[in-house]
>>> print(open('protein02.cif').read())   # mmCIF, C-alpha atoms
data_entry
loop_
_atom_site.label_atom_id
_atom_site.label_comp_id
_atom_site.auth_asym_id
_atom_site.auth_seq_id
_atom_site.Cartn_x
_atom_site.Cartn_y
_atom_site.Cartn_z
CA MET A 1242 -7.72 -22.19 -13.57
CA ARG A 1243 -8.82 -19.17 -15.59
CA ILE A 1244 -7.87 -16.03 -13.70
CA ALA A 1245 -8.12 -12.35 -14.65
CA VAL A 1246 -6.62 -9.30 -12.94
CA VAL A 1247 -8.61 -6.25 -11.89
CA GLY A 1248 -6.37 -3.20 -11.98
CA GLY A 1249 -3.62 -1.81 -14.17
CA GLY A 1250 -1.38 0.05 -11.73
CA PRO A 1251 2.19 -0.71 -10.61
CA TRP A 1252 1.21 -3.55 -8.28
CA ALA A 1253 -0.76 -5.30 -11.01
CA ARG A 1254 2.05 -4.76 -13.53
CA ASP A 1255 4.96 -5.70 -11.29
CA THR A 1256 3.48 -8.66 -9.42
CA HIS A 1257 0.02 -9.97 -10.36
CA ILE A 1258 0.37 -10.08 -14.13
CA PRO A 1259 3.90 -11.56 -14.41
CA ALA A 1260 3.31 -14.13 -11.66
CA LEU A 1261 -0.03 -15.29 -13.05
CA ALA A 1262 1.23 -15.32 -16.64
CA ALA A 1263 4.15 -17.57 -15.67
CA HIS A 1264 2.20 -19.96 -13.45
CA PRO A 1265 1.72 -23.43 -14.98
CA GLY A 1266 -1.63 -23.93 -13.28
CA VAL A 1267 -3.16 -20.68 -14.49
CA THR A 1268 -4.46 -19.23 -17.74
CA LEU A 1269 -4.23 -15.46 -17.39
CA THR A 1270 -7.18 -14.39 -19.53
CA GLY A 1271 -6.80 -10.63 -19.29
CA VAL A 1272 -7.45 -7.57 -17.15
CA TRP A 1273 -10.22 -5.10 -16.45
CA THR A 1274 -9.60 -1.46 -15.62
CA ARG A 1275 -12.13 1.32 -15.18
CA ARG A 1276 -10.26 3.46 -17.69
CA PRO A 1277 -9.36 1.73 -20.98
CA GLU A 1278 -6.14 3.75 -21.32
CA ALA A 1279 -4.83 2.25 -18.06
CA ALA A 1280 -4.51 -1.11 -19.81
CA ALA A 1281 -3.37 0.14 -23.22
CA ASP A 1282 0.24 -1.02 -22.87
CA LEU A 1283 -0.34 -4.19 -20.87
CA PRO A 1284 0.73 -7.54 -22.38
CA VAL A 1285 -2.75 -9.05 -21.96
CA PRO A 1286 -6.17 -8.13 -23.41
CA ARG A 1287 -8.63 -5.92 -21.58
CA PHE A 1288 -12.22 -6.97 -20.89
CA ASP A 1289 -14.72 -4.27 -21.83
CA THR A 1290 -16.75 -4.75 -18.64
CA PHE A 1291 -16.35 -6.38 -15.25
CA ALA A 1292 -19.37 -8.56 -16.06
CA GLU A 1293 -17.54 -9.93 -19.11
CA LEU A 1294 -14.52 -10.70 -16.97
CA LEU A 1295 -16.66 -12.64 -14.50
CA ALA A 1296 -18.32 -14.65 -17.25
CA ALA A 1297 -14.97 -15.74 -18.69
CA ASN A 1298 -13.11 -16.71 -15.52
CA ASP A 1299 -12.99 -19.01 -12.52
CA ALA A 1300 -11.22 -16.56 -10.21
CA VAL A 1301 -10.35 -12.87 -9.93
CA SER A 1302 -7.12 -11.32 -8.68
CA PHE A 1303 -7.62 -7.79 -7.33
CA ALA A 1304 -4.99 -5.05 -7.49
CA VAL A 1305 -7.10 -1.98 -6.82
CA PRO A 1306 -7.64 0.45 -3.91
CA PRO A 1307 -9.55 -1.02 -0.94
CA GLN A 1308 -12.64 1.16 -1.43
CA ALA A 1309 -12.90 -0.04 -5.03
CA GLN A 1310 -12.14 -3.66 -4.21
CA ALA A 1311 -14.99 -4.34 -1.79
CA PRO A 1312 -18.03 -3.98 -4.11
CA LEU A 1313 -16.26 -5.77 -6.96
CA ALA A 1314 -15.14 -8.63 -4.70
CA ILE A 1315 -18.69 -9.03 -3.40
CA GLU A 1316 -20.00 -9.14 -6.97
CA ALA A 1317 -17.33 -11.70 -7.93
CA ALA A 1318 -18.10 -13.94 -4.97
CA ARG A 1319 -21.83 -13.83 -5.66
CA ALA A 1320 -21.02 -14.89 -9.23
CA GLY A 1321 -19.26 -17.96 -7.82
CA LYS A 1322 -15.71 -16.76 -8.48
CA HIS A 1323 -12.79 -17.39 -6.15
CA VAL A 1324 -10.96 -14.21 -5.11
CA ILE A 1325 -7.41 -13.06 -4.48
CA LEU A 1326 -7.84 -9.95 -2.34
CA ASP A 1327 -5.45 -7.09 -1.74
CA LYS A 1328 -5.07 -5.66 1.73
CA PRO A 1329 -6.88 -3.93 3.35
CA ILE A 1330 -9.74 -5.93 1.95
CA ALA A 1331 -12.11 -2.93 1.96
CA GLY A 1332 -12.24 0.79 2.59
CA THR A 1333 -14.28 0.45 5.80
CA LEU A 1334 -14.71 -2.20 8.44
CA ALA A 1335 -18.38 -2.61 7.51
CA ASP A 1336 -17.47 -3.22 3.88
CA ALA A 1337 -14.75 -5.68 4.91
CA SER A 1338 -17.34 -7.62 6.90
CA ALA A 1339 -19.65 -7.59 3.85
CA VAL A 1340 -16.85 -9.07 1.71
CA VAL A 1341 -16.35 -11.87 4.22
CA ASP A 1342 -20.08 -12.56 4.34
CA ALA A 1343 -20.34 -12.70 0.55
CA VAL A 1344 -17.41 -15.10 0.27
CA ALA A 1345 -18.88 -17.37 2.97
CA GLU A 1346 -22.39 -17.35 1.51
CA ALA A 1347 -21.08 -18.20 -1.97
CA GLY A 1348 -18.81 -20.96 -0.72
CA VAL A 1349 -15.87 -19.68 -2.78
CA ARG A 1350 -12.23 -19.66 -1.69
CA SER A 1351 -10.34 -16.49 -0.81
CA ILE A 1352 -6.78 -15.49 -0.07
CA VAL A 1353 -5.29 -12.12 0.92
CA THR A 1354 -1.99 -10.85 -0.45
CA PHE A 1355 0.01 -10.60 2.75
CA THR A 1356 2.90 -10.94 0.34
CA ARG A 1357 5.83 -11.41 2.72
CA ARG A 1358 4.08 -14.34 4.43
CA PHE A 1359 4.82 -16.39 1.28
CA ALA A 1360 8.57 -15.68 1.34
CA PRO A 1361 10.88 -18.49 2.54
CA GLU A 1362 12.74 -16.15 4.89
CA THR A 1363 9.49 -15.22 6.62
CA ARG A 1364 8.49 -18.85 6.99
CA ALA A 1365 11.88 -19.68 8.46
CA PHE A 1366 11.38 -16.85 10.98
CA LEU A 1367 7.97 -18.19 11.98
CA ASP A 1368 9.31 -21.74 12.29
CA ALA A 1369 11.93 -20.45 14.72
CA VAL A 1370 9.27 -18.52 16.65
CA ASP A 1371 7.06 -21.60 16.87
CA ALA A 1372 9.95 -23.56 18.40
CA GLY A 1373 10.26 -21.28 21.44
CA THR A 1374 8.45 -19.14 23.98
CA PHE A 1375 8.36 -15.38 23.42
CA THR A 1376 6.66 -12.59 25.32
CA GLY A 1377 7.27 -9.44 23.31
CA GLY A 1378 7.95 -8.18 19.83
CA LEU A 1379 8.88 -5.36 17.52
CA GLY A 1380 7.54 -4.66 14.04
CA VAL A 1381 9.14 -1.88 11.97
CA TRP A 1382 8.53 -0.82 8.36
CA LEU A 1383 10.12 2.44 7.25
CA SER A 1384 10.03 3.56 3.63
CA GLY A 1385 10.17 6.63 1.45
CA ALA A 1386 7.53 5.31 -0.94
CA LEU A 1387 5.37 8.44 -0.65
CA LEU A 1388 8.33 10.79 -1.19
CA GLY A 1389 8.60 9.79 -4.85
CA GLY A 1390 8.40 6.84 -7.18
CA ARG A 1391 5.66 4.69 -8.66
CA TYR A 1392 3.43 4.54 -5.59
CA SER A 1393 3.72 8.17 -4.48
CA SER A 1394 0.68 9.25 -6.53
CA SER A 1395 -1.56 6.50 -5.15
CA GLN A 1396 -4.30 8.51 -3.45
CA TRP A 1397 -5.44 5.83 -1.00
CA ARG A 1398 -1.84 5.40 0.18
CA VAL A 1399 -1.41 9.16 0.52
CA ASP A 1400 -4.64 9.38 2.53
CA GLY A 1401 -4.09 6.33 4.73
CA GLY A 1402 -0.32 6.48 5.03
CA ALA A 1403 1.83 3.65 6.25
CA LEU A 1404 -0.83 2.33 8.62
CA LEU A 1405 -3.18 1.46 5.77
CA ASP A 1406 -0.57 0.26 3.26
CA VAL A 1407 2.19 -1.60 5.14
CA GLY A 1408 0.44 -1.73 8.51
CA PRO A 1409 -1.58 -4.84 7.59
CA HIS A 1410 1.64 -6.71 6.74
CA VAL A 1411 3.21 -5.85 10.10
CA VAL A 1412 0.08 -6.53 12.13
CA ASP A 1413 -0.50 -9.85 10.37
CA LEU A 1414 3.04 -11.11 10.93
CA MET A 1415 3.23 -10.09 14.59
CA ASP A 1416 -0.27 -11.49 15.22
CA ARG A 1417 0.89 -14.79 13.72
CA ALA A 1418 4.13 -14.76 15.69
CA LEU A 1419 2.82 -13.87 19.15
CA GLY A 1420 -0.84 -14.85 18.96
CA PRO A 1421 -4.07 -12.94 18.33
CA ILE A 1422 -3.97 -9.18 18.90
CA VAL A 1423 -6.82 -8.22 21.21
CA ASP A 1424 -6.18 -4.56 22.05
CA VAL A 1425 -4.41 -1.39 21.01
CA GLU A 1426 -2.73 -0.10 24.16
CA ALA A 1427 -1.43 3.15 22.69
CA ALA A 1428 -1.16 4.80 19.28
CA SER A 1429 0.16 8.08 17.92
CA VAL A 1430 1.06 9.53 14.53
CA ASP A 1431 3.10 12.44 13.26
CA ARG A 1432 1.19 13.33 10.09
CA GLY A 1433 4.04 15.25 8.51
CA SER A 1434 6.51 12.36 8.60
CA ASP A 1435 3.79 9.67 8.59
CA VAL A 1436 5.48 8.01 11.58
CA TRP A 1437 3.06 5.74 13.44
CA SER A 1438 4.00 4.46 16.89
CA VAL A 1439 1.70 1.76 18.24
CA SER A 1440 1.62 -0.64 21.17
CA LEU A 1441 -0.40 -3.81 20.56
CA VAL A 1442 -1.59 -6.32 23.17
CA HIS A 1443 -1.79 -10.02 22.32
CA GLU A 1444 -4.16 -12.57 23.84
CA SER A 1445 -1.16 -14.22 25.50
CA GLY A 1446 -0.28 -10.98 27.30
CA ALA A 1447 2.65 -10.31 24.98
CA ARG A 1448 3.19 -6.76 23.70
CA THR A 1449 4.30 -5.65 20.26
CA ALA A 1450 5.79 -2.22 19.58
CA MET A 1451 5.09 -1.15 15.99
CA GLN A 1452 6.62 1.73 14.04
CA LEU A 1453 5.65 2.57 10.47
CA SER A 1454 6.25 5.29 7.91
CA LEU A 1455 6.12 5.81 4.15
CA ARG A 1456 7.61 9.31 4.38
CA VAL A 1457 11.10 8.83 5.75
CA PRO A 1458 14.05 8.79 3.32
CA ALA A 1459 14.88 5.14 3.86
CA ARG A 1460 16.52 3.65 0.78
CA PRO A 1461 16.17 0.73 0.66
CA THR A 1462 13.12 0.09 2.81
CA ILE A 1463 13.86 -0.93 6.39
CA SER A 1464 11.77 -3.81 7.68
CA GLN A 1465 12.54 -5.46 10.98
CA PHE A 1466 10.56 -8.03 12.91
CA ARG A 1467 11.76 -9.34 16.26
CA VAL A 1468 10.40 -11.42 19.11
CA HIS A 1469 12.04 -11.92 22.47
CA GLY A 1470 11.40 -13.97 25.59
CA PRO A 1471 12.69 -16.83 27.73
CA ASP A 1472 14.06 -18.59 24.65
CA GLY A 1473 16.06 -15.60 23.43
CA VAL A 1474 15.59 -13.41 20.37
CA VAL A 1475 14.48 -14.27 16.85
CA GLU A 1476 14.75 -11.60 14.16
CA LEU A 1477 13.71 -11.15 10.53
CA THR A 1478 15.28 -8.40 8.43
CA ASP A 1479 15.53 -10.23 5.10
CA ARG A 1480 13.23 -9.09 2.27
CA SER A 1481 15.27 -10.60 -0.55
CA THR A 1482 12.56 -12.73 -2.19
CA PRO A 1483 10.96 -10.62 -4.97
CA SER A 1484 7.22 -10.04 -4.78
CA PRO A 1485 6.40 -12.05 -7.97
CA GLU A 1486 8.07 -15.11 -6.41
CA CYS A 1487 6.05 -14.63 -3.22
CA PHE A 1488 2.90 -14.21 -5.29
CA ALA A 1489 3.65 -17.43 -7.21
CA VAL A 1490 3.65 -19.33 -3.90
CA LEU A 1491 0.39 -17.59 -2.98
CA VAL A 1492 -1.13 -18.83 -6.25
CA ASP A 1493 0.12 -22.36 -5.57
CA GLU A 1494 -1.63 -22.38 -2.21
CA PHE A 1495 -4.74 -20.64 -3.55
CA LEU A 1496 -5.15 -23.37 -6.18
CA ASP A 1497 -4.59 -26.05 -3.53
CA ALA A 1498 -7.29 -24.51 -1.33
CA ILE A 1499 -9.72 -24.51 -4.26
CA SER A 1500 -9.02 -28.09 -5.31
CA SER A 1501 -9.13 -29.43 -1.74
CA GLU A 1502 -12.13 -27.25 -0.76
CA THR A 1503 -10.30 -26.06 2.35
CA GLU A 1504 -9.78 -22.60 3.78
CA HIS A 1505 -6.36 -21.00 3.56
CA GLU A 1506 -4.95 -19.47 6.74
CA LEU A 1507 -4.76 -16.09 5.01
CA ASN A 1508 -8.35 -15.97 3.83
CA ALA A 1509 -10.91 -13.17 3.86
CA PRO A 1510 -11.79 -13.64 7.57
CA ARG A 1511 -8.09 -13.23 8.33
CA GLY A 1512 -8.15 -10.00 6.35
CA LEU A 1513 -11.13 -8.84 8.40
CA HIS A 1514 -9.34 -9.60 11.69
CA ILE A 1515 -6.31 -7.59 10.61
CA GLN A 1516 -8.51 -4.73 9.41
CA ARG A 1517 -10.21 -4.61 12.80
CA VAL A 1518 -6.82 -4.04 14.43
CA ILE A 1519 -5.93 -1.34 11.89
CA ASP A 1520 -9.31 0.32 12.45
CA SER A 1521 -8.72 0.30 16.21
CA VAL A 1522 -5.38 2.04 15.72
CA ARG A 1523 -7.02 4.70 13.54
CA SER A 1524 -9.71 5.20 16.18
CA ARG A 1525 -7.06 5.79 18.85
CA VAL A 1526 -5.35 8.60 16.96
CA GLY A 1527 -8.58 10.27 15.80
#
>>> encode(input="protein02.cif", output="structure tokens")
Amino acid sequence: MRIAVVGGGPWARDTHIPALAAHPGVTLTGVWTRRPEAAADLPVPRFDTFAELLAANDAVSFAVPPQAQAPLAIEAARAGKHVILDKPIAGTLADASAVVDAVAEAGVRSIVTFTRRFAPETRAFLDAVDAGTFTGGLGVWLSGALLGGRYSSSQWRVDGGALLDVGPHVVDLMDRALGPIVDVEAASVDRGSDVWSVSLVHESGARTAMQLSLRVPARPTISQFRVHGPDGVVELTDRSTPSPECFAVLVDEFLDAISSETEHELNAPRGLHIQRVIDSVRSRVG
């Protein structure tokens, strides 16, 4: 499978490019960046235009801001290319819906990089959850990523904060653990510390309490997922699997979905569902 990467930032460099370059089922053909200098020191060639990238590949792996991803992903799908989408899948809910429509109309496969879902520790957590009955949950992700470091100058992360960046990961995992999220019961944010406090309602009646921040001095990042109910408590605090290893599993399953012509659980419609929840939270805080 010929795959190219769109984007030349830290996420592309640290995860997409090394994982795709090492994958035995993939030929990493190159990258495309809007600015040529952004790809000057990358270990793969740069396509001069996005159109050239599309002509030379079977699939596209996106590592760009959500507002930039949506129109490019739509163009890729309409060109018959399978897509690996970052989250959120678009800058607005309307654009996210347009991405889903384009993917469906083209009949191409899609997968969203809910990275931790491809880690063995996360799958062990979900296996344990599936074996019992649980009525409530907690999802926490606290980081100092916007206080300094490689992602602190990322404008879309600065603007959207933890809700837009790590919020989709937390919402996705708790939605998978306790069933579809159907309502946002309460939401608040302290803009200075970027601390989001949210209460989510699941179709089953279960509640999830969610707390997020990218502006607290937590080193290393604190991530905690917990469900509780009649069958006790199941908790996930392990983030030991590196992101390139998670991404390699994502690529395995992406290729399987393409060859079998089946939809992956974490496809573009899944991304749209999660973005609807995130959008509802944003609407609650104004």
>>> resolve_selection(input="protein02.cif", expression="the PyMOL selection byres ((chain A and resi 1249-1265) around 6)", output="ChimeraX atom specification")
/A:1248,1266-1267,1269,1279-1280,1304,1485,1489
>>> residues_around(input="protein02.cif", residues="stretch 1383-1390 of chain A", least_positions_apart="6", cutoff="8 Å", atoms="only C-alpha atoms", output="number ranges by chain")
A: 1398-1399, 1452-1464
>>> resolve_selection(input="protein02.cif", expression="the PyMOL selection byres ((chain A and resi 1276) around 12)", output="ChimeraX atom specification")
/A:1247-1250,1272-1275,1277-1281,1287-1291
>>> write_last_selection(input="protein02.cif", atoms="C-alpha atoms", output="PDB file, in the frame of the given file")
ATOM      1  CA  VAL A1247      -8.610  -6.250 -11.890  1.00  0.00           C
ATOM      2  CA  GLY A1248      -6.370  -3.200 -11.980  1.00  0.00           C
ATOM      3  CA  GLY A1249      -3.620  -1.810 -14.170  1.00  0.00           C
ATOM      4  CA  GLY A1250      -1.380   0.050 -11.730  1.00  0.00           C
ATOM      5  CA  VAL A1272      -7.450  -7.570 -17.150  1.00  0.00           C
ATOM      6  CA  TRP A1273     -10.220  -5.100 -16.450  1.00  0.00           C
ATOM      7  CA  THR A1274      -9.600  -1.460 -15.620  1.00  0.00           C
ATOM      8  CA  ARG A1275     -12.130   1.320 -15.180  1.00  0.00           C
ATOM      9  CA  PRO A1277      -9.360   1.730 -20.980  1.00  0.00           C
ATOM     10  CA  GLU A1278      -6.140   3.750 -21.320  1.00  0.00           C
ATOM     11  CA  ALA A1279      -4.830   2.250 -18.060  1.00  0.00           C
ATOM     12  CA  ALA A1280      -4.510  -1.110 -19.810  1.00  0.00           C
ATOM     13  CA  ALA A1281      -3.370   0.140 -23.220  1.00  0.00           C
ATOM     14  CA  ARG A1287      -8.630  -5.920 -21.580  1.00  0.00           C
ATOM     15  CA  PHE A1288     -12.220  -6.970 -20.890  1.00  0.00           C
ATOM     16  CA  ASP A1289     -14.720  -4.270 -21.830  1.00  0.00           C
ATOM     17  CA  THR A1290     -16.750  -4.750 -18.640  1.00  0.00           C
ATOM     18  CA  PHE A1291     -16.350  -6.380 -15.250  1.00  0.00           C
TER      19      PHE A1291
END
>>> closest_residue(input="protein02.cif", among="A:Leu1367, A:Ala1292, A:Ala1498, A:Leu1491", to="A:Asp1413", atoms="only C-alpha atoms")
A:Leu1367
>>> residues_around(input="protein02.cif", residues="A:Lys1322", least_positions_apart="2", cutoff="10 Å", atoms="all atoms listed in the file", output="PDB file with C-alpha atoms, in the frame of the given file")
ATOM      1  CA  ILE A1244      -7.870 -16.030 -13.700  1.00  0.00           C
ATOM      2  CA  LEU A1295     -16.660 -12.640 -14.500  1.00  0.00           C
ATOM      3  CA  ALA A1296     -18.320 -14.650 -17.250  1.00  0.00           C
ATOM      4  CA  ASN A1298     -13.110 -16.710 -15.520  1.00  0.00           C
ATOM      5  CA  ASP A1299     -12.990 -19.010 -12.520  1.00  0.00           C
ATOM      6  CA  ALA A1300     -11.220 -16.560 -10.210  1.00  0.00           C
ATOM      7  CA  VAL A1301     -10.350 -12.870  -9.930  1.00  0.00           C
ATOM      8  CA  ALA A1314     -15.140  -8.630  -4.700  1.00  0.00           C
ATOM      9  CA  ILE A1315     -18.690  -9.030  -3.400  1.00  0.00           C
ATOM     10  CA  GLU A1316     -20.000  -9.140  -6.970  1.00  0.00           C
ATOM     11  CA  ALA A1317     -17.330 -11.700  -7.930  1.00  0.00           C
ATOM     12  CA  ALA A1318     -18.100 -13.940  -4.970  1.00  0.00           C
ATOM     13  CA  ARG A1319     -21.830 -13.830  -5.660  1.00  0.00           C
ATOM     14  CA  ALA A1320     -21.020 -14.890  -9.230  1.00  0.00           C
ATOM     15  CA  VAL A1324     -10.960 -14.210  -5.110  1.00  0.00           C
ATOM     16  CA  ILE A1325      -7.410 -13.060  -4.480  1.00  0.00           C
ATOM     17  CA  VAL A1344     -17.410 -15.100   0.270  1.00  0.00           C
ATOM     18  CA  ALA A1347     -21.080 -18.200  -1.970  1.00  0.00           C
ATOM     19  CA  GLY A1348     -18.810 -20.960  -0.720  1.00  0.00           C
ATOM     20  CA  VAL A1349     -15.870 -19.680  -2.780  1.00  0.00           C
ATOM     21  CA  ARG A1350     -12.230 -19.660  -1.690  1.00  0.00           C
ATOM     22  CA  SER A1351     -10.340 -16.490  -0.810  1.00  0.00           C
TER      23      SER A1351
END
>>> residues_near_point(input="protein02.cif", point="(-4.1, -13.7, 20.4)", cutoff="9 Å", atoms="only C-alpha atoms", output="list in words")
Asp1416, Arg1417, Leu1419, Gly1420, Pro1421, Ile1422, Val1423, Val1442, His1443, Glu1444, Ser1445, Gly1446 and Ala1447 of chain A
>>> atom_distance(input="protein02.cif", atom1="atom CA of A:Gly1377", atom2="atom CA of A:Val1353")
25.8 Å
>>> atom_distance(input="protein02.cif", atom1="atom CA of A:Pro1329", atom2="atom CA of A:Asp1400")
13.5 Å
>>> atom_distance(input="protein02.cif", atom1="atom CA of A:Ile1499", atom2="atom CA of A:Ile1352")
10.4 Å
>>> closest_residue(input="protein02.cif", among="A:Pro1307, A:Val1436, A:Phe1366, A:Gly1321", to="A:Leu1334", atoms="all atoms listed in the file")
A:Pro1307
>>> residues_near_point(input="protein02.cif", point="(11.2, -15.7, 6.1)", cutoff="10 Å", atoms="all atoms listed in the file", output="JSON, numbers by chain")
{"A": [1357, 1358, 1359, 1360, 1361, 1362, 1363, 1364, 1365, 1366, 1367, 1368, 1369, 1476, 1477, 1478, 1479, 1480, 1481, 1482]}
>>> closest_residue(input="protein02.cif", among="A:Glu1504, A:Val1381, A:Leu1294, A:Ala1331", to="A:Gln1310", atoms="all atoms listed in the file")
A:Ala1331
>>> axis_aligned_box(input="protein02.cif", around="stretch 1249-1266 of chain A", padding_each_side="6 Å", output="AutoDock Vina command-line options")
--center_x 0.7 --center_y -11.9 --center_z -12.5 --size_x 20.6 --size_y 36.0 --size_z 20.4
>>> residues_around(input="protein02.cif", residues="A:Ile1515", least_positions_apart="4", cutoff="12 Å", atoms="all atoms listed in the file", output="count of residues only")
35
>>> closest_residue(input="protein02.cif", among="A:Phe1303, A:Phe1375, A:Trp1437, A:Phe1466", to="A:Arg1525", atoms="only C-alpha atoms")
A:Trp1437
>>> resolve_selection(input="protein02.cif", expression="the PyMOL selection byres ((chain A and resi 1378) around 7)", output="MDAnalysis selection string")
chainID A and resid 1377 1379:1380 1448:1450 1467:1469
>>> closest_residue(input="protein02.cif", among="A:Ala1403, A:Ser1484, A:Ser1302, A:Ser1434", to="A:Met1242", atoms="all atoms listed in the file")
A:Ser1302
>>> closest_residue(input="protein02.cif", among="A:Val1474, A:Ser1524, A:Thr1374, A:Pro1284", to="A:Glu1426", atoms="only C-alpha atoms")
A:Ser1524
>>> decode(input="protein02.cif", residues="stretch 1302-1344 of chain A", atoms="C-alpha atoms", output="compact mmCIF listing (two decimals), in the first residue's frame")
# COMPACT_ATOMS: atom_id res chain seq x y z
CA SER A 1302 -2.17 9.81 6.44
CA PHE A 1303 -3.07 13.23 7.87
CA ALA A 1304 -1.11 14.98 10.62
CA VAL A 1305 -2.39 18.53 10.28
CA PRO A 1306 -4.75 20.83 12.23
CA PRO A 1307 -8.45 19.90 12.00
CA GLN A 1308 -9.44 22.98 9.99
CA ALA A 1309 -6.78 22.13 7.40
CA GLN A 1310 -7.55 18.42 7.37
CA ALA A 1311 -11.21 18.56 6.34
CA PRO A 1312 -10.92 20.02 2.80
CA LEU A 1313 -7.85 17.91 2.03
CA ALA A 1314 -9.49 14.72 3.31
CA ILE A 1315 -12.57 15.42 1.20
CA GLU A 1316 -10.36 15.93 -1.86
CA ALA A 1317 -8.47 12.70 -1.10
CA ALA A 1318 -11.64 10.67 -0.69
CA ARG A 1319 -13.11 12.02 -3.92
CA ALA A 1320 -9.87 10.95 -5.63
CA GLY A 1321 -10.49 7.40 -4.38
CA LYS A 1322 -7.83 7.43 -1.67
CA HIS A 1323 -8.23 5.76 1.72
CA VAL A 1324 -7.63 8.12 4.65
CA ILE A 1325 -6.04 8.02 8.08
CA LEU A 1326 -7.60 10.99 9.88
CA ASP A 1327 -6.38 12.88 12.91
CA LYS A 1328 -8.83 13.92 15.59
CA PRO A 1329 -10.91 16.05 15.62
CA ILE A 1330 -11.62 15.17 12.03
CA ALA A 1331 -12.51 18.76 11.11
CA GLY A 1332 -12.58 22.28 12.46
CA THR A 1333 -16.39 22.44 12.60
CA LEU A 1334 -19.18 19.93 12.98
CA ALA A 1335 -20.48 20.78 9.51
CA ASP A 1336 -17.08 20.11 7.97
CA ALA A 1337 -16.78 16.85 9.92
CA SER A 1338 -20.11 15.74 8.48
CA ALA A 1339 -18.87 16.68 4.98
CA VAL A 1340 -15.77 14.50 5.49
CA VAL A 1341 -17.95 11.55 6.47
CA ASP A 1342 -20.21 12.10 3.46
CA ALA A 1343 -17.25 12.27 1.07
CA VAL A 1344 -15.74 9.06 2.46
